[in-house]
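Take a look at the structure set out below.
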Amino acid sequence: MMMVRLNMKLALAALCAVALLLMLYWAHCTDDRHKPSAAAPAAERFVAIECSINGEYSVACRRDADQLYLPFSFIKKYFEVYGKLTTVNGVERFEWSHSYSKVYHPKKTYDPRGTFTTFENYNVEVRDRVKCISGVEGVPVSTQWDPKGFFYPTQIAQFGLAHYSKNITEPEPRVKILEDGDKISQNWIISKDAVMSREFDPELKMKVLSFATTDHASSQVWLKLDIAQDFVLTMDLLLKPNSSMTVVLQNKDKKETVYLHYVFNNQLISALDDHIFYGVGEESAWRRVTRDLIVDMQKGWQLLDRPKRKSPRNKFKISSIILRGSGSLGSAQLATSAHTAHFYAAARWLVRSQRPNGGWPVPARRRVAPHVPDLTPGWHSAMSQGHGISVLARAHYRSGDAAFLRAARRALRVLRLPSGAGGVRAVFMDKHVWYEEYPTTPPLFVLNGFIYTLLGLYDLHAIAGDRDAKHMFDDGMASLKALLPLFDTGSGSFYDLRHFTLGVSPNIARWDYHATHVNQLYLLAGLDPDPILLSTAKRWENYMSGKRAAHN
């Protein structure tokens, strides 16, 4: 009887234990219905949910038990932030950034004889708004406000300053001499109906190659080459009417041939299939031609609406140079770069194109802001004047040519003239002098163009000791330090002060312009000990990583 009672107790205990286990299991399963397990597939763990954005529109989102997830495509557009997937040591991660621009901290005090700010990083000629490099002038042709193309002084000066700076920071170019008029010459191939001779030219004071071909398509004098990487061609060339010099480029990986024709006319650029044409002028006289062949090819592709390639220099080689018509060729070489030649092309253009009032007028209409009259062709820009002065001061320093210095000093005249009188000078609140990048009425007070103008004034004073430039620089610096707080948004900077002068919505600077403001302020802080310059630069740099001004 006792054994039966014992068995009954054991059975009851076992039954209780089983019931307890069943209860625990049921509770676990019930909890799992509300909270997906970490091992469950993503489709089961995340639940779709509609997110209402300010009651204006909806975005498809997801949630789990703890978090709500918004798509980054929405976050990027809504908050203007940036990000990308990367792989580090084989591990994929997402990199978030508040801005897309970079600040360059000066490694030493700014010296006008050295690089111009951070322009060694600029590649003006590859910009989409550059139609081509003129075959006659050797400087960029802009399509910024006119698709037909025009010579924009600011862009030309930036082209010169970029190459001046690269000439300092980059190693010496690799050069392959093709013809030097003395010891080095090539074995040119002459078709049966063409003639070629070598004779002394009294103007160049060297032996030159003279050629003449017939009108037949196969009549030519040509040089077979197989050169890669060295794509900057410099030669002394004299063409007569109906003559041309052609460079043939071939793709090393596929059957693709591009013909760059430099012809006796004034046409900017034209293209047909694989043939790209540049006019080099209509004067039968010696000219020094310097061409970046890859840039010339890319601009032809751009004209043909072909896809832009990032780095075709690794894909192409120069296979031949062809001479047609009649003319002469002096020295010729290929190199990895020709920064000095490009710099002086810009400096000489500034001297030739300067008007008696010292200005470089912009020959394009510019619509700057609503409710402000357009700037009609012929307007001047303080930024063009400042950049031009920076180029000319450096050209004078490098060459000793007084013509460059005279042109730089003449450029001050436009800076002294009020905007309403054809100049660029404005005054804020009847007190603070400002040199206007866009001389509108009422003025806008654009920040980055004003600072670039100040640098031009500083360059002229530092290189040539010009007192007028020093006085104008000091006046401008006083204005900058007084008005700088007005450009602070609390999370970025304003491009201009139209919200003050026009009473319209503020014009907030894009991150690339904001980074320019920061770079400019760091540079000026090395020239002027006033703490407002450095403190503002640091605060504005912090805005680029998401920091904001404190609120109440």
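Ordering of the structure tokens sets the chain letters (A, B, ...), residue numbers begin anew at 1 in every chain, and ligands are numbered from 1 in the order given.
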
Under the rule of at most 9 Å, produce a per-residue listing of segment 80-199 of chain A near segment 490-512 of chain A: chain, number, name, the closest pair of atoms, and the distance in Å, as JSON lines, using only C-alpha atoms.
{"residue": "A:Ser99", "atom": "CA", "partner": "A:Trp511", "partner_atom": "CA", "distance": 6.1}
{"residue": "A:Tyr100", "atom": "CA", "partner": "A:Trp511", "partner_atom": "CA", "distance": 6.6}
{"residue": "A:Ser101", "atom": "CA", "partner": "A:Asp512", "partner_atom": "CA", "distance": 5.3}
{"residue": "A:Lys102", "atom": "CA", "partner": "A:Asp512", "partner_atom": "CA", "distance": 7.9}

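The list of residues with at least one atom within 6 Å of Val280 of chain A, based on only C-alpha atoms and without residues fewer than 6 positions apart in the same chain, reads Gly135, Val136, Val263 and Phe264 of chain A.
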
Output for the residues just chosen: all heavy atoms as a CSV table (one decimal), in the first residue's frame:
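In the end it all went to again-v4.csv:
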chain,number,residue,atom,x,y,z
A,135,GLY,N,42.2,77.1,-79.9
A,135,GLY,CA,43.5,76.9,-80.7
A,135,GLY,C,44.2,78.1,-81.0
A,135,GLY,O,45.4,78.0,-81.3
A,136,VAL,N,43.6,79.3,-81.0
A,136,VAL,CA,44.2,80.5,-81.3
A,136,VAL,C,44.8,81.1,-80.0
A,136,VAL,O,46.0,81.6,-80.0
A,136,VAL,CB,43.2,81.5,-81.9
A,136,VAL,CG1,43.9,82.9,-82.2
A,136,VAL,CG2,42.6,80.9,-83.2
A,263,VAL,N,43.8,73.2,-87.8
A,263,VAL,CA,43.6,73.7,-89.2
A,263,VAL,C,43.8,75.2,-89.3
A,263,VAL,O,43.6,75.9,-88.3
A,263,VAL,CB,42.3,73.2,-89.8
A,263,VAL,CG1,42.2,71.7,-89.8
A,263,VAL,CG2,41.1,73.8,-89.0
A,264,PHE,N,44.0,75.7,-90.5
A,264,PHE,CA,44.2,77.1,-90.8
A,264,PHE,C,42.8,77.8,-90.9
A,264,PHE,O,42.3,78.0,-91.9
A,264,PHE,CB,45.0,77.3,-92.1
A,264,PHE,CG,45.3,78.7,-92.4
A,264,PHE,CD1,46.5,79.3,-92.0
A,264,PHE,CD2,44.5,79.5,-93.2
A,264,PHE,CE1,46.9,80.6,-92.3
A,264,PHE,CE2,44.8,80.8,-93.5
A,264,PHE,CZ,46.0,81.3,-93.0

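Considering only C-alpha atoms, the residue among A:Pro356, A:Gly300, A:Gly400, A:Pro241 positioned nearest to Glu282 of chain A is A:Pro241.
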
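Using only C-alpha atoms, the smallest distance between any of A:Asn448, A:Lys76, A:Met196, A:Ala212 and Trp96 of chain A comes from A:Lys76.
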
From a DSSP pass on the backbone, collect the residues of segment 66-255 of chain A flagged as helix (DSSP H, G or I) and hand them back as a PyMOL selection string. chain A and resi 72-79+119-121+124-126+153-169

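Counting only C-alpha atoms, the residue from A:Lys166, A:Lys481, A:His380, A:Arg348 that sits nearest to Pro363 of chain A is A:His380.
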
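Put simply, atom CA of Arg324 of chain A is 28.3 Å away from atom CA of Glu125 of chain A.
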
Using only C-alpha atoms, the residue out of A:Ala402, A:Ala478, A:Arg548, A:Lys252 with shortest distance to Asp528 of chain A is A:Ala478

- Task: Find the residues near Ser142 of chain A: any atom within 7 Å, counting only C-alpha atoms, skip ones fewer than 3 places away on the same chain, and give them as a ChimeraX atom specification.
- Result: /A:129-131,149-152

Find the spatial neighbours of Arg425 of chain A, counting only C-alpha atoms, within a cut-off of 9 Å - ignore same-chain residues fewer than 3 positions away - and output them as a JSON list (two decimals) with all heavy atoms, in the first residue's frame.
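As written to disk, selection09.json reads:
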[["chain", "number", "residue", "atom", "x", "y", "z"],
["A", 382, "ALA", "N", 34.57, 91.82, -59.88],
["A", 382, "ALA", "CA", 35.72, 92.02, -58.99],
["A", 382, "ALA", "C", 36.57, 90.75, -58.91],
["A", 382, "ALA", "O", 37.79, 90.82, -58.79],
["A", 382, "ALA", "CB", 35.24, 92.42, -57.60],
["A", 414, "VAL", "N", 39.10, 99.56, -62.10],
["A", 414, "VAL", "CA", 37.72, 99.08, -62.05],
["A", 414, "VAL", "C", 37.28, 98.84, -60.61],
["A", 414, "VAL", "O", 36.12, 99.04, -60.25],
["A", 414, "VAL", "CB", 37.57, 97.80, -62.89],
["A", 414, "VAL", "CG1", 36.20, 97.16, -62.68],
["A", 414, "VAL", "CG2", 37.78, 98.11, -64.36],
["A", 415, "LEU", "N", 38.22, 98.44, -59.76],
["A", 415, "LEU", "CA", 37.88, 98.20, -58.34],
["A", 415, "LEU", "C", 37.54, 99.49, -57.61],
["A", 415, "LEU", "O", 36.83, 99.46, -56.60],
["A", 415, "LEU", "CB", 39.05, 97.49, -57.65],
["A", 415, "LEU", "CG", 39.42, 96.09, -58.18],
["A", 415, "LEU", "CD1", 40.63, 95.55, -57.44],
["A", 415, "LEU", "CD2", 38.24, 95.14, -58.05],
["A", 416, "ARG", "N", 38.04, 100.61, -58.11],
["A", 416, "ARG", "CA", 37.74, 101.89, -57.46],
["A", 416, "ARG", "C", 36.40, 102.46, -57.90],
["A", 416, "ARG", "O", 35.81, 103.28, -57.20],
["A", 416, "ARG", "CB", 38.84, 102.91, -57.79],
["A", 416, "ARG", "CG", 40.23, 102.55, -57.28],
["A", 416, "ARG", "CD", 41.16, 103.75, -57.46],
["A", 416, "ARG", "NE", 42.55, 103.40, -57.22],
["A", 416, "ARG", "CZ", 43.44, 103.13, -58.16],
["A", 416, "ARG", "NH1", 43.07, 103.17, -59.44],
["A", 416, "ARG", "NH2", 44.69, 102.84, -57.86],
["A", 417, "LEU", "N", 35.91, 102.03, -59.07],
["A", 417, "LEU", "CA", 34.68, 102.61, -59.62],
["A", 417, "LEU", "C", 33.45, 101.99, -58.98],
["A", 417, "LEU", "O", 33.38, 100.76, -58.80],
["A", 417, "LEU", "CB", 34.61, 102.37, -61.13],
["A", 417, "LEU", "CG", 35.49, 103.23, -62.04],
["A", 417, "LEU", "CD1", 35.33, 102.76, -63.48],
["A", 417, "LEU", "CD2", 35.09, 104.70, -61.91],
["A", 418, "PRO", "N", 32.42, 102.80, -58.64],
["A", 418, "PRO", "CA", 31.17, 102.24, -58.12],
["A", 418, "PRO", "C", 30.50, 101.35, -59.16],
["A", 418, "PRO", "O", 30.68, 101.52, -60.37],
["A", 418, "PRO", "CB", 30.32, 103.49, -57.83],
["A", 418, "PRO", "CG", 31.29, 104.61, -57.75],
["A", 418, "PRO", "CD", 32.43, 104.26, -58.66],
["A", 419, "SER", "N", 29.72, 100.41, -58.68],
["A", 419, "SER", "CA", 29.03, 99.49, -59.59],
["A", 419, "SER", "C", 28.15, 100.25, -60.58],
["A", 419, "SER", "O", 28.06, 99.87, -61.76],
["A", 419, "SER", "CB", 28.18, 98.50, -58.79],
["A", 419, "SER", "OG", 29.00, 97.71, -57.95],
["A", 420, "GLY", "N", 27.51, 101.29, -60.14],
["A", 420, "GLY", "CA", 26.63, 102.05, -61.01],
["A", 420, "GLY", "C", 27.35, 102.81, -62.09],
["A", 420, "GLY", "O", 26.73, 103.28, -63.06],
["A", 433, "VAL", "N", 33.35, 99.03, -47.41],
["A", 433, "VAL", "CA", 33.66, 98.87, -48.83],
["A", 433, "VAL", "C", 33.62, 97.38, -49.20],
["A", 433, "VAL", "O", 34.11, 96.53, -48.46],
["A", 433, "VAL", "CB", 35.05, 99.45, -49.15],
["A", 433, "VAL", "CG1", 35.45, 99.13, -50.59],
["A", 433, "VAL", "CG2", 35.06, 100.94, -48.93],
["A", 434, "TRP", "N", 33.04, 97.09, -50.38],
["A", 434, "TRP", "CA", 32.95, 95.70, -50.84],
["A", 434, "TRP", "C", 33.18, 95.67, -52.34],
["A", 434, "TRP", "O", 32.64, 96.49, -53.08],
["A", 434, "TRP", "CB", 31.57, 95.13, -50.53],
["A", 434, "TRP", "CG", 31.52, 93.62, -50.48],
["A", 434, "TRP", "CD1", 31.24, 92.79, -51.52],
["A", 434, "TRP", "CD2", 31.75, 92.79, -49.33],
["A", 434, "TRP", "NE1", 31.26, 91.49, -51.10],
["A", 434, "TRP", "CE2", 31.58, 91.46, -49.75],
["A", 434, "TRP", "CE3", 32.07, 93.05, -48.01],
["A", 434, "TRP", "CZ2", 31.71, 90.38, -48.89],
["A", 434, "TRP", "CZ3", 32.22, 91.98, -47.14],
["A", 434, "TRP", "CH2", 32.04, 90.67, -47.58],
["A", 435, "TYR", "N", 34.01, 94.72, -52.80],
["A", 435, "TYR", "CA", 34.29, 94.56, -54.22],
["A", 435, "TYR", "C", 33.40, 93.43, -54.74],
["A", 435, "TYR", "O", 33.55, 92.27, -54.36],
["A", 435, "TYR", "CB", 35.77, 94.26, -54.44],
["A", 435, "TYR", "CG", 36.67, 95.25, -53.75],
["A", 435, "TYR", "CD1", 37.51, 94.87, -52.69],
["A", 435, "TYR", "CD2", 36.67, 96.59, -54.12],
["A", 435, "TYR", "CE1", 38.32, 95.78, -52.05],
["A", 435, "TYR", "CE2", 37.48, 97.52, -53.48],
["A", 435, "TYR", "CZ", 38.30, 97.11, -52.43],
["A", 435, "TYR", "OH", 39.09, 98.02, -51.78],
["A", 436, "GLU", "N", 32.45, 93.79, -55.62],
["A", 436, "GLU", "CA", 31.37, 92.90, -56.00],
["A", 436, "GLU", "C", 31.75, 91.94, -57.15],
["A", 436, "GLU", "O", 32.15, 92.37, -58.22],
["A", 436, "GLU", "CB", 30.16, 93.72, -56.45],
["A", 436, "GLU", "CG", 29.41, 94.38, -55.31],
["A", 436, "GLU", "CD", 28.47, 93.41, -54.66],
["A", 436, "GLU", "OE1", 28.91, 92.61, -53.80],
["A", 436, "GLU", "OE2", 27.28, 93.41, -55.01],
["A", 439, "PRO", "N", 28.23, 92.93, -59.92],
["A", 439, "PRO", "CA", 27.90, 94.30, -59.53],
["A", 439, "PRO", "C", 26.44, 94.68, -59.82],
["A", 439, "PRO", "O", 26.16, 95.49, -60.70],
["A", 439, "PRO", "CB", 28.88, 95.13, -60.36],
["A", 439, "PRO", "CG", 29.09, 94.32, -61.60],
["A", 439, "PRO", "CD", 29.04, 92.88, -61.15]]

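Excluding segment 185-190 of chain A and any residue on its chain fewer than 2 positions from it, the residues at most 9 Å away by only C-alpha atoms are Ile177, Leu178, Glu179, Asp180, Gly181, Asp182, Lys183, Lys192, Asp193, Ala194, Val195, Met196, Ser219, Gln220, Val221, Trp222, Leu223 and Lys224 of chain A.
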
Would you save the residues of that selection, restricted to all heavy atoms, as a compact mmCIF listing (two decimals), in the first residue's frame?
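Final output, out13.txt:
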# COMPACT_ATOMS: atom_id res chain seq x y z
N ILE A 177 61.71 64.91 -77.06
CA ILE A 177 61.91 65.87 -78.15
C ILE A 177 61.81 65.15 -79.49
O ILE A 177 62.49 64.14 -79.72
CB ILE A 177 63.27 66.58 -78.00
CG1 ILE A 177 63.32 67.37 -76.69
CG2 ILE A 177 63.52 67.50 -79.20
CD1 ILE A 177 64.65 68.00 -76.40
N LEU A 178 60.98 65.67 -80.36
CA LEU A 178 60.83 65.12 -81.70
C LEU A 178 61.71 65.86 -82.70
O LEU A 178 62.35 65.25 -83.56
CB LEU A 178 59.36 65.19 -82.14
CG LEU A 178 58.34 64.48 -81.25
CD1 LEU A 178 56.94 64.69 -81.79
CD2 LEU A 178 58.66 63.00 -81.13
N GLU A 179 61.69 67.18 -82.63
CA GLU A 179 62.49 68.03 -83.52
C GLU A 179 63.04 69.19 -82.70
O GLU A 179 62.29 69.82 -81.94
CB GLU A 179 61.64 68.59 -84.67
CG GLU A 179 61.05 67.56 -85.61
CD GLU A 179 62.03 67.17 -86.72
OE1 GLU A 179 63.06 67.87 -86.87
OE2 GLU A 179 61.76 66.17 -87.42
N ASP A 180 64.31 69.49 -82.85
CA ASP A 180 64.88 70.65 -82.15
C ASP A 180 65.58 71.62 -83.09
O ASP A 180 66.20 72.59 -82.66
CB ASP A 180 65.83 70.22 -81.03
CG ASP A 180 67.13 69.61 -81.53
OD1 ASP A 180 67.25 69.36 -82.76
OD2 ASP A 180 68.03 69.37 -80.70
N GLY A 181 65.51 71.35 -84.40
CA GLY A 181 66.13 72.25 -85.37
C GLY A 181 67.64 72.17 -85.39
O GLY A 181 68.30 72.99 -86.04
N ASP A 182 68.20 71.18 -84.72
CA ASP A 182 69.66 71.08 -84.66
C ASP A 182 70.09 69.61 -84.73
O ASP A 182 70.28 69.06 -85.81
CB ASP A 182 70.17 71.75 -83.40
CG ASP A 182 71.68 71.78 -83.31
OD1 ASP A 182 72.34 71.58 -84.34
OD2 ASP A 182 72.21 72.01 -82.20
N LYS A 183 70.18 68.98 -83.56
CA LYS A 183 70.72 67.63 -83.51
C LYS A 183 69.65 66.55 -83.58
O LYS A 183 69.96 65.40 -83.95
CB LYS A 183 71.55 67.46 -82.23
CG LYS A 183 72.76 68.37 -82.16
CD LYS A 183 73.53 68.16 -80.86
CE LYS A 183 74.73 69.09 -80.79
NZ LYS A 183 75.48 68.92 -79.51
N LYS A 192 54.39 60.23 -102.58
CA LYS A 192 55.04 60.48 -103.87
C LYS A 192 54.78 61.89 -104.42
O LYS A 192 55.64 62.47 -105.08
CB LYS A 192 54.56 59.44 -104.88
CG LYS A 192 55.06 58.03 -104.57
CD LYS A 192 54.59 57.05 -105.62
CE LYS A 192 55.12 55.65 -105.31
NZ LYS A 192 54.66 54.64 -106.33
N ASP A 193 53.59 62.42 -104.15
CA ASP A 193 53.26 63.73 -104.71
C ASP A 193 53.46 64.86 -103.71
O ASP A 193 52.92 65.96 -103.87
CB ASP A 193 51.82 63.74 -105.22
CG ASP A 193 50.83 63.29 -104.15
OD1 ASP A 193 51.28 62.85 -103.08
OD2 ASP A 193 49.61 63.37 -104.40
N ALA A 194 54.22 64.62 -102.64
CA ALA A 194 54.52 65.64 -101.63
C ALA A 194 56.01 65.94 -101.62
O ALA A 194 56.83 65.15 -102.11
CB ALA A 194 54.06 65.19 -100.26
N VAL A 195 56.37 67.09 -101.06
CA VAL A 195 57.79 67.45 -100.94
C VAL A 195 58.06 67.94 -99.52
O VAL A 195 57.18 68.48 -98.84
CB VAL A 195 58.18 68.56 -101.95
CG1 VAL A 195 58.08 68.05 -103.37
CG2 VAL A 195 57.33 69.80 -101.75
N MET A 196 59.28 67.72 -99.10
CA MET A 196 59.71 68.17 -97.78
C MET A 196 61.17 68.57 -97.84
O MET A 196 61.96 67.94 -98.55
CB MET A 196 59.52 67.05 -96.74
CG MET A 196 59.80 67.49 -95.30
SD MET A 196 60.03 66.10 -94.16
CE MET A 196 61.79 65.78 -94.38
N SER A 219 47.97 62.54 -100.23
CA SER A 219 49.18 63.34 -100.27
C SER A 219 49.46 63.90 -98.88
O SER A 219 48.67 64.69 -98.33
CB SER A 219 49.04 64.48 -101.28
OG SER A 219 50.21 65.24 -101.35
N GLN A 220 50.62 63.53 -98.30
CA GLN A 220 50.90 63.94 -96.93
C GLN A 220 52.36 63.72 -96.58
O GLN A 220 53.07 62.97 -97.24
CB GLN A 220 50.02 63.17 -95.95
CG GLN A 220 50.22 61.66 -96.01
CD GLN A 220 49.21 60.89 -95.16
OE1 GLN A 220 48.13 61.37 -94.86
NE2 GLN A 220 49.58 59.69 -94.77
N VAL A 221 52.78 64.40 -95.54
CA VAL A 221 54.07 64.16 -94.89
C VAL A 221 53.74 63.71 -93.48
O VAL A 221 53.05 64.41 -92.75
CB VAL A 221 54.94 65.43 -94.88
CG1 VAL A 221 56.21 65.19 -94.08
CG2 VAL A 221 55.27 65.88 -96.30
N TRP A 222 54.19 62.53 -93.10
CA TRP A 222 53.75 62.01 -91.80
C TRP A 222 54.87 61.30 -91.06
O TRP A 222 55.85 60.84 -91.63
CB TRP A 222 52.53 61.11 -91.96
CG TRP A 222 52.76 59.82 -92.70
CD1 TRP A 222 52.96 59.66 -94.04
CD2 TRP A 222 52.80 58.52 -92.12
NE1 TRP A 222 53.11 58.34 -94.35
CE2 TRP A 222 53.01 57.61 -93.20
CE3 TRP A 222 52.68 58.02 -90.84
CZ2 TRP A 222 53.11 56.23 -93.00
CZ3 TRP A 222 52.77 56.65 -90.63
CH2 TRP A 222 52.99 55.77 -91.69
N LEU A 223 54.66 61.26 -89.75
CA LEU A 223 55.64 60.66 -88.83
C LEU A 223 54.96 59.56 -88.05
O LEU A 223 53.95 59.80 -87.37
CB LEU A 223 56.19 61.73 -87.89
CG LEU A 223 57.15 61.26 -86.79
CD1 LEU A 223 58.43 60.69 -87.40
CD2 LEU A 223 57.49 62.43 -85.85
N LYS A 224 55.50 58.37 -88.13
CA LYS A 224 54.95 57.24 -87.39
C LYS A 224 55.50 57.24 -85.97
O LYS A 224 56.71 57.38 -85.74
CB LYS A 224 55.31 55.92 -88.09
CG LYS A 224 54.66 54.71 -87.45
CD LYS A 224 54.99 53.44 -88.24
CE LYS A 224 54.31 52.23 -87.61
NZ LYS A 224 54.61 50.97 -88.36

In segment 408-520 of chain A, DSSP strand (DSSP E) residues written as a ChimeraX atom specification
/A:425-428,432-435

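For Gln354 of chain A, the list of residues within 9 Å, based on only C-alpha atoms and with local chain neighbours fewer than 6 positions off taken out, reads A:Trp360, A:Pro361, A:Ala407, A:Arg410, A:Ala411.
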
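When atom CA of Lys207 of chain A is paired with atom CA of Ser326 of chain A, their separation reads 16.7 Å.
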